[in-house]
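Shown next: input_25.txt, containing compact mmCIF, C-alpha atoms.
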# COMPACT_ATOMS: atom_id res chain seq x y z
CA MET J 7 -8.38 5.90 46.31
CA LYS J 8 -4.86 5.02 45.13
CA ILE J 9 -3.51 3.11 42.16
CA LEU J 10 -0.88 0.49 42.96
CA ARG J 11 2.10 -0.16 40.70
CA MET J 12 2.34 -3.74 39.56
CA ASN J 13 5.09 -5.82 41.11
CA GLN J 14 7.58 -7.76 39.04
CA PHE J 15 5.61 -11.00 39.38
CA VAL J 16 2.46 -9.48 37.90
CA VAL J 17 4.44 -7.79 35.11
CA SER J 18 6.00 -11.16 34.27
CA GLN J 19 2.54 -12.76 34.40
CA VAL J 20 1.19 -10.31 31.82
CA PHE J 21 4.11 -11.01 29.50
CA CYS J 22 3.72 -14.77 29.89
CA LEU J 23 -0.02 -14.59 29.16
CA CYS J 24 0.69 -12.56 26.02
CA PHE J 25 3.35 -15.00 24.84
CA ILE J 26 1.02 -17.97 25.29
CA SER J 27 -1.72 -16.05 23.46
CA GLY J 28 0.74 -15.16 20.69
CA PHE J 29 1.80 -18.80 20.30
CA PHE J 30 -1.78 -19.98 19.84
CA ALA J 31 -2.51 -16.98 17.61
CA ALA J 32 0.36 -18.09 15.35
CA LEU J 33 -1.14 -21.59 15.14
CA GLN J 34 -4.49 -19.93 14.46
CA SER J 35 -3.03 -17.85 11.61
CA ALA J 36 -1.36 -20.89 10.05
CA THR J 37 -4.58 -22.93 10.20
CA ASP J 38 -6.62 -20.01 8.93
CA ASN J 39 -4.26 -19.61 5.96
CA LEU J 40 -4.49 -23.32 5.22
CA ILE J 41 -8.29 -23.20 5.17
CA VAL J 42 -8.54 -20.24 2.77
CA LYS J 43 -5.81 -21.62 0.48
CA GLN J 44 -6.69 -25.31 0.42
CA VAL J 45 -10.18 -25.96 1.80
CA ILE J 46 -12.77 -23.20 1.24
CA VAL J 47 -11.84 -22.21 -2.31
CA PHE J 48 -14.41 -20.82 -4.77
CA PRO J 49 -12.50 -19.34 -7.77
CA ALA J 50 -15.69 -18.10 -9.45
CA ASP J 51 -16.34 -15.68 -6.56
CA PRO J 52 -13.62 -15.53 -3.86
CA PHE J 53 -15.58 -12.90 -1.90
CA THR J 54 -18.50 -15.30 -1.45
CA ALA J 55 -16.04 -17.92 -0.21
CA VAL J 56 -14.80 -15.45 2.42
CA LEU J 57 -18.35 -14.69 3.59
CA VAL J 58 -19.17 -18.41 3.80
CA TYR J 59 -16.01 -18.95 5.82
CA LEU J 60 -17.04 -16.16 8.22
CA VAL J 61 -20.38 -17.82 8.96
CA LEU J 62 -19.07 -21.39 9.09
CA GLY J 63 -16.17 -20.36 11.31
CA SER J 64 -18.44 -18.35 13.57
CA TRP J 65 -20.94 -21.04 14.50
CA ILE J 66 -18.68 -24.06 14.43
CA GLY J 67 -16.46 -21.86 16.58
CA VAL J 68 -19.24 -21.17 19.11
CA VAL J 69 -19.84 -24.90 19.65
CA THR J 70 -16.11 -25.71 19.73
CA GLN J 71 -15.34 -22.90 22.17
CA PHE J 72 -18.16 -23.99 24.47
CA PHE J 73 -16.70 -27.47 24.96
CA THR J 74 -13.04 -26.39 24.86
CA SER J 75 -13.68 -23.64 27.41
CA ASN J 76 -15.53 -25.95 29.78
CA PHE J 77 -12.77 -28.53 29.59
CA PHE J 78 -9.68 -26.27 29.73
CA GLY J 79 -11.09 -23.03 31.16
CA SER J 80 -9.95 -23.62 34.74
CA ARG J 81 -6.39 -24.07 33.46
CA ILE J 82 -6.54 -20.64 31.82
CA SER J 83 -8.25 -18.78 34.66
CA PRO J 84 -8.59 -20.01 38.28
CA ASP J 85 -11.85 -18.01 38.52
CA PHE J 86 -13.53 -20.03 35.77
CA ALA J 87 -16.34 -22.31 36.96
CA GLY J 88 -17.93 -23.24 33.64
CA ILE J 89 -19.67 -21.35 30.84
CA LYS J 90 -22.74 -19.66 32.30
CA SER J 91 -25.23 -16.94 31.48
CA PHE J 92 -24.98 -13.37 32.72
CA LYS J 93 -27.15 -10.29 32.76
CA PHE J 94 -26.94 -8.25 29.56
CA GLY J 95 -25.41 -5.34 31.46
CA GLU J 96 -22.51 -7.56 32.52
CA LEU J 97 -21.91 -8.66 28.93
CA ARG J 98 -22.40 -5.37 27.11
CA PHE J 99 -18.67 -4.82 26.58
CA ALA J 100 -18.25 -8.36 25.24
CA PHE J 101 -21.17 -8.04 22.80
CA VAL J 102 -20.18 -4.60 21.51
CA SER J 103 -16.55 -5.70 21.16
CA GLY J 104 -17.68 -8.75 19.18
CA LEU J 105 -19.79 -6.52 16.94
CA LEU J 106 -16.82 -4.20 16.32
CA SER J 107 -14.59 -7.17 15.53
CA ALA J 108 -17.08 -8.28 12.90
CA VAL J 109 -17.15 -4.73 11.48
CA ALA J 110 -13.33 -4.65 11.44
CA THR J 111 -13.35 -7.94 9.54
CA MET J 112 -15.80 -6.51 7.00
CA PHE J 113 -13.59 -3.45 6.48
CA PHE J 114 -10.55 -5.73 6.15
CA ILE J 115 -12.23 -7.77 3.42
CA TRP J 116 -13.40 -4.62 1.62
CA GLY J 117 -10.06 -2.87 1.93
CA SER J 118 -8.15 -5.92 0.72
CA GLN J 119 -9.94 -5.58 -2.59
CA LEU J 120 -8.59 -2.03 -3.02
CA VAL J 121 -4.96 -2.18 -1.89
CA ASP J 122 -1.94 -4.28 -2.74
CA PRO J 123 -1.47 -7.27 -0.37
CA THR J 124 2.04 -6.02 0.43
CA VAL J 125 0.67 -2.96 2.20
CA VAL J 126 -2.19 -4.72 4.04
CA VAL J 127 0.04 -5.78 6.95
CA VAL J 128 1.35 -2.23 7.33
CA LEU J 129 -2.13 -0.75 7.44
CA THR J 130 -3.63 -3.34 9.81
CA ASN J 131 -0.98 -2.55 12.45
CA ALA J 132 -2.02 1.08 12.81
CA TYR J 133 -4.44 0.24 15.63
CA ILE J 134 -1.46 -0.33 17.95
CA LEU J 135 -0.52 3.33 17.53
CA TYR J 136 -4.11 4.37 18.25
CA LEU J 137 -4.06 2.33 21.47
CA LEU J 138 -0.71 3.81 22.43
CA PHE J 139 -2.08 7.35 22.00
CA TYR J 140 -5.15 6.33 24.04
CA ASP J 141 -3.15 4.91 26.95
CA THR J 142 -0.83 7.92 26.92
CA ALA J 143 -3.75 10.35 26.94
CA MET J 144 -5.38 8.43 29.81
CA GLY J 145 -2.15 8.52 31.80
CA ASN J 146 -1.84 4.73 31.79
CA VAL J 147 1.63 4.62 30.22
CA LYS J 148 4.60 6.89 29.60
CA MET J 149 5.31 7.52 25.93
CA SER J 150 9.03 7.88 26.65
CA SER J 151 9.32 4.27 27.79
CA LEU J 152 7.26 2.84 24.90
CA CYS J 153 8.47 4.88 21.93
CA TRP J 154 11.41 2.73 20.82
CA PRO J 155 9.95 -0.67 21.73
CA SER J 156 6.71 0.09 19.89
CA LEU J 157 8.61 1.36 16.84
CA PHE J 158 10.70 -1.82 16.63
CA ILE J 159 7.68 -4.07 17.20
CA ILE J 160 5.59 -2.39 14.48
CA ILE J 161 8.44 -2.24 11.94
CA GLY J 162 9.41 -5.80 12.81
CA SER J 163 5.88 -7.12 12.32
CA VAL J 164 5.79 -5.47 8.89
CA LEU J 165 9.15 -6.93 7.82
CA ALA J 166 8.29 -10.38 9.17
CA SER J 167 5.14 -10.42 7.02
CA LEU J 168 6.68 -9.31 3.71
CA LYS J 169 5.53 -11.17 0.61
CA ASP J 170 7.73 -9.50 -1.99
CA LEU J 171 9.77 -6.38 -2.66
CA THR J 172 7.81 -5.02 -5.58
CA GLY J 173 6.07 -1.66 -5.43
CA PHE J 174 2.59 -1.46 -4.03
CA GLU J 175 -0.60 0.17 -5.17
CA THR J 176 -3.35 1.69 -3.09
CA THR J 177 -6.15 4.21 -3.25
CA LEU J 178 -7.36 6.95 -0.96
CA LEU J 179 -10.53 4.95 -0.34
CA GLY J 180 -8.45 1.89 0.53
CA LEU J 181 -6.34 3.91 2.97
CA ALA J 182 -9.45 5.40 4.59
CA ILE J 183 -11.08 1.97 4.95
CA PHE J 184 -8.04 0.53 6.71
CA LEU J 185 -6.86 3.52 8.75
CA LEU J 186 -10.30 4.72 9.86
CA GLY J 187 -12.64 1.77 9.46
CA GLN J 188 -10.70 -1.42 10.17
CA ASN J 189 -8.17 0.01 12.61
CA GLY J 190 -10.68 2.30 14.31
CA ALA J 191 -13.11 -0.54 14.98
CA ASN J 192 -10.27 -2.81 16.10
CA ALA J 193 -8.83 -0.24 18.50
CA VAL J 194 -12.19 0.51 20.16
CA SER J 195 -12.83 -3.24 20.41
CA LYS J 196 -9.55 -3.74 22.32
CA ILE J 197 -10.35 -0.86 24.69
CA LEU J 198 -13.76 -2.39 25.43
CA ASP J 199 -12.10 -5.77 25.98
CA GLN J 200 -9.91 -4.25 28.66
CA ARG J 201 -12.87 -2.60 30.39
CA GLY J 202 -14.95 -5.77 30.11
CA ALA J 203 -12.13 -7.98 31.36
CA ARG J 204 -11.85 -5.85 34.48
CA LYS J 205 -15.42 -6.58 35.46
CA ALA J 206 -16.38 -9.56 37.61
CA ILE J 207 -16.62 -11.91 34.59
CA ASP J 208 -13.66 -14.28 34.25
CA PRO J 209 -11.61 -14.09 31.01
CA VAL J 210 -12.84 -17.44 29.63
CA ASN J 211 -16.53 -16.55 29.92
CA TYR J 212 -15.84 -13.07 28.57
CA ALA J 213 -14.02 -14.49 25.52
CA PHE J 214 -16.85 -16.97 24.86
CA TRP J 215 -19.65 -14.41 25.02
CA ARG J 216 -17.58 -11.96 23.00
CA PHE J 217 -17.36 -14.61 20.28
CA ILE J 218 -21.14 -15.04 20.42
CA GLY J 219 -21.43 -11.31 19.65
CA LEU J 220 -18.89 -11.63 16.83
CA ALA J 221 -20.63 -14.70 15.33
CA THR J 222 -24.07 -13.08 15.36
CA SER J 223 -22.79 -9.84 13.84
CA ALA J 224 -20.64 -11.62 11.24
CA THR J 225 -23.59 -13.76 10.15
CA CYS J 226 -25.83 -10.71 9.69
CA LEU J 227 -23.10 -8.89 7.75
CA ALA J 228 -22.32 -11.90 5.53
CA ILE J 229 -25.94 -12.58 4.63
CA GLY J 230 -26.64 -8.86 4.18
CA LEU J 231 -23.67 -8.41 1.84
CA SER J 232 -24.71 -11.49 -0.15
CA VAL J 233 -28.20 -10.03 -0.62
CA ILE J 234 -26.78 -6.63 -1.65
CA ARG J 235 -24.45 -8.30 -4.15
CA GLY J 236 -27.24 -10.48 -5.55
CA ARG J 237 -25.31 -13.61 -4.60
CA THR J 238 -27.69 -15.15 -2.06
CA THR J 239 -28.10 -18.42 -3.98
CA ASP J 240 -24.33 -18.72 -4.50
CA PHE J 241 -23.79 -18.06 -0.81
CA TRP J 242 -26.06 -20.86 0.41
CA ASP J 243 -24.89 -23.31 -2.28
CA THR J 244 -21.27 -22.64 -1.34
CA PHE J 245 -22.14 -22.89 2.35
CA ALA J 246 -23.69 -26.33 1.86
CA SER J 247 -20.83 -27.62 -0.29
CA PHE J 248 -18.10 -26.65 2.18
CA LEU J 249 -19.87 -27.45 5.47
CA LEU J 250 -18.62 -31.03 5.84
CA PRO J 251 -15.17 -30.68 4.16
CA ALA J 252 -14.27 -27.64 6.27
CA PHE J 253 -15.77 -28.90 9.53
CA PRO J 254 -12.71 -30.71 11.01
CA TYR J 255 -10.31 -27.93 9.97
CA ILE J 256 -12.45 -25.24 11.59
CA ILE J 257 -12.72 -27.27 14.81
CA VAL J 258 -8.91 -27.33 15.06
CA LEU J 259 -8.78 -23.62 14.19
CA MET J 260 -11.30 -22.72 16.87
CA ILE J 261 -9.47 -24.67 19.57
CA PHE J 262 -6.50 -22.41 18.85
CA VAL J 263 -8.80 -19.35 18.81
CA THR J 264 -10.22 -20.30 22.23
CA PHE J 265 -6.79 -20.33 23.85
CA ALA J 266 -5.48 -17.28 21.98
CA ASN J 267 -8.49 -15.13 22.88
CA ALA J 268 -8.86 -16.27 26.49
CA TYR J 269 -5.19 -15.76 27.33
CA GLU J 270 -5.21 -12.34 25.65
CA ILE J 271 -8.31 -11.29 27.61
CA ALA J 272 -6.63 -12.53 30.81
CA ALA J 273 -3.64 -10.31 30.00
CA ARG J 274 -5.87 -7.30 29.33
CA LYS J 275 -7.42 -7.80 32.75
CA VAL J 276 -4.25 -6.46 34.38
CA GLY J 277 -2.16 -5.00 31.53
CA GLN J 278 -2.70 -1.84 29.53
CA THR J 279 -4.33 -2.41 26.18
CA SER J 280 -1.58 -0.89 24.00
CA ILE J 281 1.12 -2.95 25.71
CA VAL J 282 -0.83 -6.21 25.42
CA SER J 283 -1.48 -5.52 21.73
CA MET J 284 2.24 -5.02 21.15
CA LEU J 285 3.20 -8.15 23.08
CA VAL J 286 0.90 -10.52 21.18
CA THR J 287 2.70 -9.55 17.95
CA ILE J 288 5.20 -12.22 19.01
CA LYS J 289 3.04 -14.41 16.78
CA VAL J 290 4.75 -12.97 13.67
CA ALA J 291 8.04 -14.44 14.91
CA VAL J 292 6.46 -17.78 15.84
CA ILE J 293 4.64 -18.16 12.51
CA LEU J 294 7.88 -18.20 10.48
CA PRO J 295 9.15 -21.63 11.62
CA ILE J 296 5.59 -23.01 11.51
CA THR J 297 5.25 -21.87 7.89
CA LEU J 298 8.64 -23.27 6.85
CA ALA J 299 8.06 -26.58 8.63
CA GLY J 300 4.61 -27.01 7.08
CA ASP J 301 5.89 -26.23 3.60
CA ALA J 302 8.82 -28.63 4.05
CA ILE J 303 6.46 -31.47 4.98
CA ILE J 304 3.77 -30.65 2.39
CA PRO J 305 4.95 -28.28 -0.39
CA ASN J 306 2.60 -25.32 -0.98
CA LEU J 307 0.57 -26.23 2.12
CA PHE J 308 0.12 -22.51 2.78
CA GLY J 309 0.19 -21.50 -0.87
CA GLU J 310 3.27 -20.40 -2.79
CA LEU J 311 5.91 -18.95 -0.48
CA PRO J 312 8.33 -16.17 -1.48
CA SER J 313 11.38 -17.48 -3.34
CA SER J 314 13.57 -14.42 -2.77
CA THR J 315 16.41 -14.93 -0.30
CA LEU J 316 16.31 -11.21 0.51
CA VAL J 317 12.64 -11.43 1.49
CA TRP J 318 13.37 -14.26 3.94
CA MET J 319 16.36 -12.38 5.34
CA LEU J 320 14.13 -9.35 5.95
CA ARG J 321 11.51 -11.59 7.56
CA ILE J 322 14.09 -12.96 9.96
CA VAL J 323 15.33 -9.43 10.71
CA GLY J 324 11.72 -8.40 11.32
CA ALA J 325 11.21 -11.27 13.76
CA GLY J 326 14.38 -10.14 15.53
CA PHE J 327 13.04 -6.58 15.76
CA VAL J 328 9.82 -7.82 17.34
CA ILE J 329 11.69 -9.92 19.89
CA TRP J 330 14.08 -7.06 20.71
CA GLY J 331 11.17 -4.63 21.10
CA ILE J 332 9.44 -7.02 23.50
CA ILE J 333 12.61 -7.53 25.55
CA LYS J 334 13.08 -3.76 25.75
CA LEU J 335 9.44 -3.33 26.77
CA TYR J 336 9.87 -5.91 29.52
CA ALA J 337 13.03 -4.23 30.79
CA ASN J 338 11.24 -0.87 30.93
CA HIS J 339 8.48 -2.41 33.03
CA LEU J 340 10.89 -3.93 35.49
CA ARG J 341 12.55 -0.53 35.91
CA ALA J 342 9.08 0.83 36.75
CA GLU J 343 9.25 3.36 33.91
CA THR J 344 5.72 2.41 32.93
CA THR J 345 2.78 2.20 35.31
CA LEU J 346 0.19 -0.52 34.84
CA LYS J 347 -3.04 -0.13 36.71
CA PRO J 348 -4.42 -3.17 38.55
CA ALA J 349 -7.86 -4.53 37.74
CA ILE J 350 -9.36 -3.17 40.96
CA PRO J 351 -8.26 0.17 42.46
CA VAL J 352 -7.33 0.02 46.15
CA MET J 353 -9.29 2.22 48.54
CA ASP J 354 -7.38 4.35 51.04
CA GLU J 355 -8.11 3.52 54.62

The structure given in the file should be rewritten as structure tokens.
Amino acid sequence: MKILRMNQFVVSQVFCLCFISGFFAALQSATDNLIVKQVIVFPADPFTAVLVYLVLGSWIGVVTQFFTSNFFGSRISPDFAGIKSFKFGELRFAFVSGLLSAVATMFFIWGSQLVDPTVVVVLTNAYILYLLFYDTAMGNVKMSSLCWPSLFIIIGSVLASLKDLTGFETTLLGLAIFLLGQNGANAVSKILDQRGARKAIDPVNYAFWRFIGLATSATCLAIGLSVIRGRTTDFWDTFASFLLPAFPYIIVLMIFVTFANAYEIAARKVGQTSIVSMLVTIKVAVILPITLAGDAIIPNLFGELPSSTLVWMLRIVGAGFVIWGIIKLYANHLRAETTLKPAIPVMDE
């Protein structure tokens, strides 16, 4: 058996899929921010509001993704022939990945209570390094060709997400939750997505059933945490009060999620997981003009934005770093310095 190097067309295809995914992920992030800042707001207990949002988003998302996938799925993947059922063995990677995504979300919520918001973006990007170490250890990529691009992409994503320039506070527990819990679960989830995407299931079906796993796990976690906190009544009261007001916003959000997830899974079908994860960070560059445009039309649409000119200059520099890192990564691929394995190995005759 031999492994074929990807030709320039396939390399370009992976990059295009990641850029499309990153664009929709940026729209997803903007809509998500709008919902938590303007729609599902419960000042008496913000944590309950987050748990309610998890459950509402999960199941409205399942219905929305079902119809969106059936309508647009063939445009995302030529292999898509409608949402259908599969044997559990064919979906095990999707279900476990969805479970780990829900766990990563739980750790993110928990960790956000313990560290300064300024450092959250830094900590949540660590999974890219984990995936890079994984791909290097597996012989999928060459560290020499990814070192500088990955450094610029990670630093750029941090700068592009700055909120202020004040000092930050954290705790050892907070660091452990993010570096081990949130990033660990996220990294394993991405590895499983790659393995699952390279099975016979098309990317659209895989993304849909993965979301089913995420929704089920997130619901169990949200209800379980509400019971542990003694806030079960508050949870269901808040759920009922926000169901109708949040419904149209979550539908729009989940349309963006459908495209972002399906295109990313399609990229993971042929691209290495660390490279795909770096490429979709293009969303941090796309989100800047979306944020500024939204705030210009409706002030404070996404909450209060930084007023410091230096912060915005650093954000722009960060976006430039991300773009430069991606361009460098692309150039390295075209020079065949990095090997990407195809979805199906080719047997020697």

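As for atom CA of Thr225 of chain J and atom CA of Phe77 of chain J, they are spaced 26.7 Å apart.
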
One decimal place gives the atom CA of Gly309 of chain J-atom CA of Asn39 of chain J separation as 8.4 Å

TODO: Extract, using all atoms listed in the file, all DNA, RNA and protein residues at most 8 Å from Thr244 of chain J, discarding same-chain residues fewer than 3 positions from it, and format them as an MDAnalysis selection string.
DONE: chainID J and resid 48 54:55 58 240:241 247:248

Item checked: Using all atoms listed in the file: which of J:Ser151, J:Asn338, J:Asn267, J:Asn306 has the shortest distance to Phe29 of chain J ->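 Using all atoms listed in the file, the shortest distance to Phe29 of chain J belongs to J:Asn267.
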
* Asked: Between J:Thr37, J:Met144, J:Asp51, J:Leu298, which has the minimum distance to Trp318 of chain J (counting only C-alpha atoms)?
  ->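 The answer is J:Leu298, which sits nearest to Trp318 of chain J.
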
Any idea what's packed within 10 Å of Pro84 of chain J, counting only C-alpha atoms, ignoring anything in its chain fewer than 5 positions away? Could you give it as a count of residues only? 4
